[in-house]
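Have a look at the structure below, then the notes.
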Amino acid sequence: MDAWNQELSKRITGDIRFAEPADRHTSIGVGGKIDALVFPKDVVELAETIAFLCERRIPFLPVGNWTNLIVRDGGYRGALISLTGLHRLEISPSGEGEIHIEAEAGVALSELVVLSMNEGFTGMEFCAGIPGSVGGAVRMNAGAYGSEMKDVIVSLRLLEPAEGIRTLGRDALIFGYRNLDLPAETIIIGAAFRLRKGDPEKIAGRVREILSLRSEKHPLEFRNAGSIFKNPRSIPAGRLIESAGLKGVRIGDAEVSAKHGNFIVNRGQASAAEVVSLIGLVQKRVFEATGHSLETEVRIIGE
């Protein structure tokens with residue numbers, strides 16, 4: 001690790017942390033040590049970091065707000081690259097009654113919601129209360145209350161290790177349910193969103209309504225990784241989990257929320273092994289009870 005420190009520190013001015021415990025960062029509060037956690041300060045340093053890691057064939061993954069992510073107790077062998085330094089956020093006009101908001105990958109969705117609400121433009125209300133950042137939300141085509149990221153995206157800026165930075169328009173992007181079809185090594189560095197002029201009071205009211213609904217339904221009083229499973233087409237995952245009698249089931253300090261079946265919460269000192277074991281138990285019991293196979297929405301990495 002000392003070699004990493006000396007070499008990479010010469011390339012970037014951002015923070016580099018070696019043997020960094022993941023449980024300090026993941027929203028659910030679990031995970032072992034990461035070989036290197038890198039904080040590039042901007043897109044230039046991000047590209048330098050990726051080039052350095054590719055040259056040495058060191059595995060890497062980008063991370064945003066650490067939601068929807070579980071790092072196993074053995075930690076991660078390689079580098080996790082925090083995109084929090086990519087936080088530029090700009091508005092530009094786009095025809096009558098429309099604007100484009102350009103946001104880098106590290107911008108929190110909450111910032112987008114507040115900005116669009118304050119400016120009186122509609123389209124981002126569905127993101128209210130989603131704790132992720134732009135990069136992660138676009139990558140998984142995050143959605144709620146009948147809307148998804150694909151509905152408001154105009155274009156993406158991408159960093160590809162072999163080709164550098166390029167921009168793809170909406171027509172060239174293939175979105176699916178909770179997925180954007182991109183090569184695994186491609187990093188989303190920014191997105192442009194098209195919004196339209198709306199009634200400021202109605203926009204603010206809808207945001208308040210969604211935040212209230214999330215507060216009522218989701219176990220926000222405990223650390224969690226958001227929705228654990230993707231919803232099957234025919235029925236919400238939470239309903240299947242509830243019908244299988246799994247609400248409140250625990251393995252150690254990992255618990256299927258009694259408030260919402262599609263959340264696993266950390267009741268205090270849960271390990272990643274307990275969370276992952278509980279995920280497996282839920283999948284097994286739901287399949288036995290209902291015949292539905294639940295696919296994880298969270299990403300599980302490490303060893």
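Chain identifiers are assigned as A, B, and so on, following the order in which chains appear in the structure tokens; residues are numbered from 1 within each chain, and ligands are numbered from 1 in order of appearance.
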Any idea what's packed within 9 Å of segment 84-90 of chain A, counting only C-alpha atoms, ignoring anything in its chain fewer than 6 positions away? Could you give it as an NGL selection string?
-> :A and (14 or 39-43 or 46 or 63-65 or 100-108 or 111-112 or 133 or 189-190)
Write down as a PDB file with N, CA and C atoms, in the first residue's frame the residues belonging to segment 103-234 of chain A that are assigned alpha helix (DSSP H) by DSSP computed on the backbone.
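Output file result-v1.pdb follows:
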ATOM      1  N   LEU A 109     -28.938  13.865  -5.140  1.00  0.00           N
ATOM      2  CA  LEU A 109     -30.256  14.058  -5.746  1.00  0.00           C
ATOM      3  C   LEU A 109     -31.049  15.130  -5.007  1.00  0.00           C
ATOM      4  N   SER A 110     -30.841  15.210  -3.701  1.00  0.00           N
ATOM      5  CA  SER A 110     -31.566  16.221  -2.920  1.00  0.00           C
ATOM      6  C   SER A 110     -31.241  17.636  -3.405  1.00  0.00           C
ATOM      7  N   GLU A 111     -29.998  17.865  -3.850  1.00  0.00           N
ATOM      8  CA  GLU A 111     -29.636  19.178  -4.392  1.00  0.00           C
ATOM      9  C   GLU A 111     -30.398  19.472  -5.674  1.00  0.00           C
ATOM     10  N   LEU A 112     -30.544  18.454  -6.525  1.00  0.00           N
ATOM     11  CA  LEU A 112     -31.309  18.627  -7.759  1.00  0.00           C
ATOM     12  C   LEU A 112     -32.759  18.958  -7.466  1.00  0.00           C
ATOM     13  N   VAL A 113     -33.321  18.251  -6.501  1.00  0.00           N
ATOM     14  CA  VAL A 113     -34.723  18.474  -6.147  1.00  0.00           C
ATOM     15  C   VAL A 113     -34.919  19.893  -5.629  1.00  0.00           C
ATOM     16  N   VAL A 114     -34.054  20.318  -4.716  1.00  0.00           N
ATOM     17  CA  VAL A 114     -34.180  21.655  -4.123  1.00  0.00           C
ATOM     18  C   VAL A 114     -33.977  22.735  -5.185  1.00  0.00           C
ATOM     19  N   LEU A 115     -32.976  22.566  -6.045  1.00  0.00           N
ATOM     20  CA  LEU A 115     -32.717  23.561  -7.082  1.00  0.00           C
ATOM     21  C   LEU A 115     -33.903  23.701  -8.022  1.00  0.00           C
ATOM     22  N   SER A 116     -34.419  22.583  -8.517  1.00  0.00           N
ATOM     23  CA  SER A 116     -35.540  22.645  -9.458  1.00  0.00           C
ATOM     24  C   SER A 116     -36.791  23.202  -8.782  1.00  0.00           C
ATOM     25  N   MET A 117     -36.999  22.852  -7.515  1.00  0.00           N
ATOM     26  CA  MET A 117     -38.152  23.366  -6.777  1.00  0.00           C
ATOM     27  C   MET A 117     -38.033  24.888  -6.594  1.00  0.00           C
ATOM     28  N   ASN A 118     -36.857  25.352  -6.212  1.00  0.00           N
ATOM     29  CA  ASN A 118     -36.654  26.785  -5.994  1.00  0.00           C
ATOM     30  C   ASN A 118     -36.788  27.594  -7.284  1.00  0.00           C
ATOM     31  N   GLU A 119     -36.425  26.961  -8.409  1.00  0.00           N
ATOM     32  CA  GLU A 119     -36.504  27.645  -9.693  1.00  0.00           C
ATOM     33  C   GLU A 119     -37.881  27.507 -10.343  1.00  0.00           C
ATOM     34  N   VAL A 134     -26.179  11.612  -8.253  1.00  0.00           N
ATOM     35  CA  VAL A 134     -26.568  11.563  -9.661  1.00  0.00           C
ATOM     36  C   VAL A 134     -25.988  10.343 -10.372  1.00  0.00           C
ATOM     37  N   GLY A 135     -24.693  10.084 -10.182  1.00  0.00           N
ATOM     38  CA  GLY A 135     -24.063   8.978 -10.892  1.00  0.00           C
ATOM     39  C   GLY A 135     -24.711   7.642 -10.603  1.00  0.00           C
ATOM     40  N   GLY A 136     -24.883   7.347  -9.321  1.00  0.00           N
ATOM     41  CA  GLY A 136     -25.494   6.075  -8.938  1.00  0.00           C
ATOM     42  C   GLY A 136     -26.946   5.981  -9.357  1.00  0.00           C
ATOM     43  N   ALA A 137     -27.678   7.088  -9.230  1.00  0.00           N
ATOM     44  CA  ALA A 137     -29.103   7.083  -9.571  1.00  0.00           C
ATOM     45  C   ALA A 137     -29.313   6.843 -11.063  1.00  0.00           C
ATOM     46  N   VAL A 138     -28.439   7.438 -11.878  1.00  0.00           N
ATOM     47  CA  VAL A 138     -28.548   7.232 -13.322  1.00  0.00           C
ATOM     48  C   VAL A 138     -28.162   5.795 -13.675  1.00  0.00           C
ATOM     49  N   ARG A 139     -27.106   5.311 -13.051  1.00  0.00           N
ATOM     50  CA  ARG A 139     -26.619   3.960 -13.349  1.00  0.00           C
ATOM     51  C   ARG A 139     -27.689   2.908 -13.092  1.00  0.00           C
ATOM     52  N   PRO A 200     -44.809  26.716  -8.925  1.00  0.00           N
ATOM     53  CA  PRO A 200     -43.918  26.526  -7.775  1.00  0.00           C
ATOM     54  C   PRO A 200     -44.615  25.948  -6.546  1.00  0.00           C
ATOM     55  N   GLU A 201     -45.841  26.388  -6.289  1.00  0.00           N
ATOM     56  CA  GLU A 201     -46.553  25.881  -5.108  1.00  0.00           C
ATOM     57  C   GLU A 201     -46.890  24.404  -5.260  1.00  0.00           C
ATOM     58  N   LYS A 202     -47.305  24.004  -6.471  1.00  0.00           N
ATOM     59  CA  LYS A 202     -47.624  22.601  -6.707  1.00  0.00           C
ATOM     60  C   LYS A 202     -46.371  21.727  -6.625  1.00  0.00           C
ATOM     61  N   ILE A 203     -45.268  22.236  -7.157  1.00  0.00           N
ATOM     62  CA  ILE A 203     -44.004  21.492  -7.117  1.00  0.00           C
ATOM     63  C   ILE A 203     -43.571  21.278  -5.664  1.00  0.00           C
ATOM     64  N   ALA A 204     -43.577  22.357  -4.884  1.00  0.00           N
ATOM     65  CA  ALA A 204     -43.178  22.258  -3.480  1.00  0.00           C
ATOM     66  C   ALA A 204     -44.130  21.349  -2.711  1.00  0.00           C
ATOM     67  N   GLY A 205     -45.420  21.431  -3.020  1.00  0.00           N
ATOM     68  CA  GLY A 205     -46.396  20.571  -2.355  1.00  0.00           C
ATOM     69  C   GLY A 205     -46.172  19.107  -2.661  1.00  0.00           C
ATOM     70  N   ARG A 206     -45.839  18.802  -3.924  1.00  0.00           N
ATOM     71  CA  ARG A 206     -45.577  17.408  -4.294  1.00  0.00           C
ATOM     72  C   ARG A 206     -44.323  16.888  -3.609  1.00  0.00           C
ATOM     73  N   VAL A 207     -43.300  17.715  -3.508  1.00  0.00           N
ATOM     74  CA  VAL A 207     -42.074  17.313  -2.811  1.00  0.00           C
ATOM     75  C   VAL A 207     -42.378  17.012  -1.347  1.00  0.00           C
ATOM     76  N   ARG A 208     -43.137  17.885  -0.698  1.00  0.00           N
ATOM     77  CA  ARG A 208     -43.490  17.654   0.711  1.00  0.00           C
ATOM     78  C   ARG A 208     -44.303  16.374   0.865  1.00  0.00           C
ATOM     79  N   GLU A 209     -45.218  16.144  -0.067  1.00  0.00           N
ATOM     80  CA  GLU A 209     -46.054  14.942  -0.017  1.00  0.00           C
ATOM     81  C   GLU A 209     -45.199  13.678  -0.110  1.00  0.00           C
ATOM     82  N   ILE A 210     -44.254  13.656  -1.058  1.00  0.00           N
ATOM     83  CA  ILE A 210     -43.399  12.479  -1.244  1.00  0.00           C
ATOM     84  C   ILE A 210     -42.503  12.262  -0.029  1.00  0.00           C
ATOM     85  N   LEU A 211     -41.932  13.342   0.507  1.00  0.00           N
ATOM     86  CA  LEU A 211     -41.093  13.212   1.697  1.00  0.00           C
ATOM     87  C   LEU A 211     -41.895  12.666   2.871  1.00  0.00           C
ATOM     88  N   SER A 212     -43.137  13.100   2.999  1.00  0.00           N
ATOM     89  CA  SER A 212     -43.994  12.610   4.073  1.00  0.00           C
ATOM     90  C   SER A 212     -44.304  11.126   3.895  1.00  0.00           C
ATOM     91  N   LEU A 213     -44.605  10.720   2.666  1.00  0.00           N
ATOM     92  CA  LEU A 213     -44.882   9.313   2.388  1.00  0.00           C
ATOM     93  C   LEU A 213     -43.677   8.448   2.701  1.00  0.00           C
ATOM     94  N   ARG A 214     -42.495   8.908   2.321  1.00  0.00           N
ATOM     95  CA  ARG A 214     -41.278   8.138   2.596  1.00  0.00           C
ATOM     96  C   ARG A 214     -41.040   8.014   4.103  1.00  0.00           C
ATOM     97  N   SER A 215     -41.278   9.094   4.817  1.00  0.00           N
ATOM     98  CA  SER A 215     -41.086   9.070   6.262  1.00  0.00           C
ATOM     99  C   SER A 215     -42.049   8.099   6.939  1.00  0.00           C
ATOM    100  N   GLU A 216     -43.267   8.025   6.423  1.00  0.00           N
ATOM    101  CA  GLU A 216     -44.267   7.126   7.002  1.00  0.00           C
ATOM    102  C   GLU A 216     -43.969   5.661   6.705  1.00  0.00           C
ATOM    103  N   LYS A 217     -43.480   5.384   5.489  1.00  0.00           N
ATOM    104  CA  LYS A 217     -43.349   4.002   5.041  1.00  0.00           C
ATOM    105  C   LYS A 217     -41.964   3.399   5.248  1.00  0.00           C
TER     106      LYS A 217
END
If we count only C-alpha atoms, what is near His25 of chain A at a cut-off of 12 Å, once residues fewer than 5 positions away on the same chain are taken out, given as a count of residues only?
-> 21
If you count only C-alpha atoms, which residues fall within 9 Å of Asn266 of chain A, apart from same-chain ones fewer than 5 positions away, as a CSV table (one decimal) with C-alpha atoms, in the first residue's frame?
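Written output follows (result_35.csv):
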chain,number,residue,atom,x,y,z
A,28,ILE,CA,-26.1,0.6,6.3
A,29,GLY,CA,-22.9,0.8,8.4
A,30,VAL,CA,-21.2,-2.5,7.5
A,222,PHE,CA,-32.2,2.9,11.4
A,223,ARG,CA,-29.2,2.7,9.1
A,224,ASN,CA,-30.2,0.9,5.9
A,253,ASP,CA,-28.4,-7.1,14.4
A,254,ALA,CA,-29.6,-7.3,10.8
A,255,GLU,CA,-33.4,-7.2,10.6
A,271,SER,CA,-22.0,-7.3,10.2
A,275,VAL,CA,-27.0,-8.7,6.2
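Atom CA of Pro219 of chain A sits 18.5 Å away from atom CA of Thr296 of chain A.
Of note, atom CA of Gly261 of chain A and atom CA of Arg178 of chain A are spaced 18.7 Å apart.
Our summary of the geometry notes that atom CA of Phe175 of chain A is positioned 16.7 Å from atom CA of Arg194 of chain A.
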Looking only at strand (DSSP E) from DSSP on the backbone, list the matching residues of segment 35-213 of chain A as a PyMOL selection string.
-> chain A and resi 35-38+60-63+69-71+76-82+89-93+98-104+121-122+143-144+147-148+153-160+164-169+175-176+179-180+187-197
Write the residues you've just listed into a file as a tab-separated table (two decimals), in the first residue's frame, and include C-alpha atoms for each of them.
chain	number	residue	atom	x	y	z
A	35	ASP	CA	-7.38	-1.30	0.15
A	36	ALA	CA	-7.58	2.29	-1.09
A	37	LEU	CA	-10.33	4.90	-0.97
A	38	VAL	CA	-9.55	7.74	-3.36
A	60	PHE	CA	-11.64	-0.27	-8.97
A	61	LEU	CA	-15.23	0.87	-8.58
A	62	PRO	CA	-16.78	4.35	-8.35
A	63	VAL	CA	-18.95	5.19	-5.33
A	69	LEU	CA	-23.99	-0.66	-1.45
A	70	ILE	CA	-22.88	-3.48	0.87
A	71	VAL	CA	-19.17	-4.20	1.32
A	76	TYR	CA	-12.47	-4.72	-0.95
A	77	ARG	CA	-9.25	-5.62	-2.75
A	78	GLY	CA	-8.56	-2.67	-4.99
A	79	ALA	CA	-9.65	0.97	-5.01
A	80	LEU	CA	-13.01	2.55	-4.43
A	81	ILE	CA	-13.19	5.98	-6.02
A	82	SER	CA	-15.40	8.55	-4.34
A	89	LEU	CA	-24.34	21.99	-10.87
A	90	GLU	CA	-25.50	24.46	-13.55
A	91	ILE	CA	-28.75	25.65	-15.15
A	92	SER	CA	-29.10	26.68	-18.79
A	93	PRO	CA	-32.21	27.72	-20.79
A	98	GLU	CA	-37.76	24.46	-20.45
A	99	ILE	CA	-34.34	24.35	-18.83
A	100	HIS	CA	-31.44	21.94	-18.72
A	101	ILE	CA	-29.75	21.18	-15.43
A	102	GLU	CA	-26.23	19.84	-15.82
A	103	ALA	CA	-25.06	17.93	-12.77
A	104	GLU	CA	-21.83	16.07	-12.15
A	121	PHE	CA	-39.32	23.71	-12.74
A	122	THR	CA	-41.03	20.33	-12.59
A	143	GLY	CA	-37.32	5.74	-9.85
A	144	ALA	CA	-40.34	6.21	-7.63
A	147	SER	CA	-41.18	8.22	-12.82
A	148	GLU	CA	-37.59	7.18	-13.50
A	153	ILE	CA	-32.27	12.66	-18.92
A	154	VAL	CA	-31.09	14.48	-22.03
A	155	SER	CA	-27.50	13.24	-22.18
A	156	LEU	CA	-24.67	11.69	-20.16
A	157	ARG	CA	-20.96	12.43	-19.90
A	158	LEU	CA	-18.97	9.24	-19.59
A	159	LEU	CA	-15.37	8.37	-18.79
A	160	GLU	CA	-14.18	5.22	-20.49
A	164	GLY	CA	-11.52	8.99	-22.54
A	165	ILE	CA	-14.50	11.32	-22.04
A	166	ARG	CA	-17.48	11.31	-24.39
A	167	THR	CA	-21.10	12.46	-24.36
A	168	LEU	CA	-24.05	10.23	-25.28
A	169	GLY	CA	-27.52	11.59	-26.04
A	175	PHE	CA	-32.46	1.94	-19.96
A	176	GLY	CA	-34.21	-0.96	-18.26
A	179	ASN	CA	-30.57	-0.52	-14.91
A	180	LEU	CA	-28.67	1.42	-17.56
A	187	ILE	CA	-17.93	5.75	-15.24
A	188	ILE	CA	-20.77	8.27	-15.37
A	189	ILE	CA	-19.25	11.67	-14.67
A	190	GLY	CA	-22.28	13.84	-15.31
A	191	ALA	CA	-25.80	14.12	-16.69
A	192	ALA	CA	-28.04	16.75	-18.23
A	193	PHE	CA	-31.72	16.80	-17.29
A	194	ARG	CA	-34.60	18.49	-19.14
A	195	LEU	CA	-37.23	20.09	-16.92
A	196	ARG	CA	-40.25	22.25	-17.76
A	197	LYS	CA	-41.77	25.31	-16.13
Long-range neighbours of Arg72 of chain A as a list in words, 7 Å cut-off, only C-alpha atoms, 4 positions minimum in chain = Gly31, Gly32, Ala272, Ala273, Ile301, Gly302 and Glu303 of chain A
Take the residues from that selection and put them in a file with C-alpha atoms, as an mmCIF file, in the first residue's frame.
data_model
loop_
_atom_site.group_PDB
_atom_site.id
_atom_site.type_symbol
_atom_site.label_atom_id
_atom_site.label_comp_id
_atom_site.auth_asym_id
_atom_site.auth_seq_id
_atom_site.Cartn_x
_atom_site.Cartn_y
_atom_site.Cartn_z
ATOM 1 C CA GLY A 31 -18.101 -3.541 5.652
ATOM 2 C CA GLY A 32 -14.434 -4.397 6.098
ATOM 3 C CA ALA A 272 -22.057 -7.512 6.468
ATOM 4 C CA ALA A 273 -22.203 -11.302 6.828
ATOM 5 C CA ILE A 301 -18.968 -6.222 -3.300
ATOM 6 C CA GLY A 302 -15.790 -7.397 -1.620
ATOM 7 C CA GLU A 303 -14.777 -10.633 0.034
#
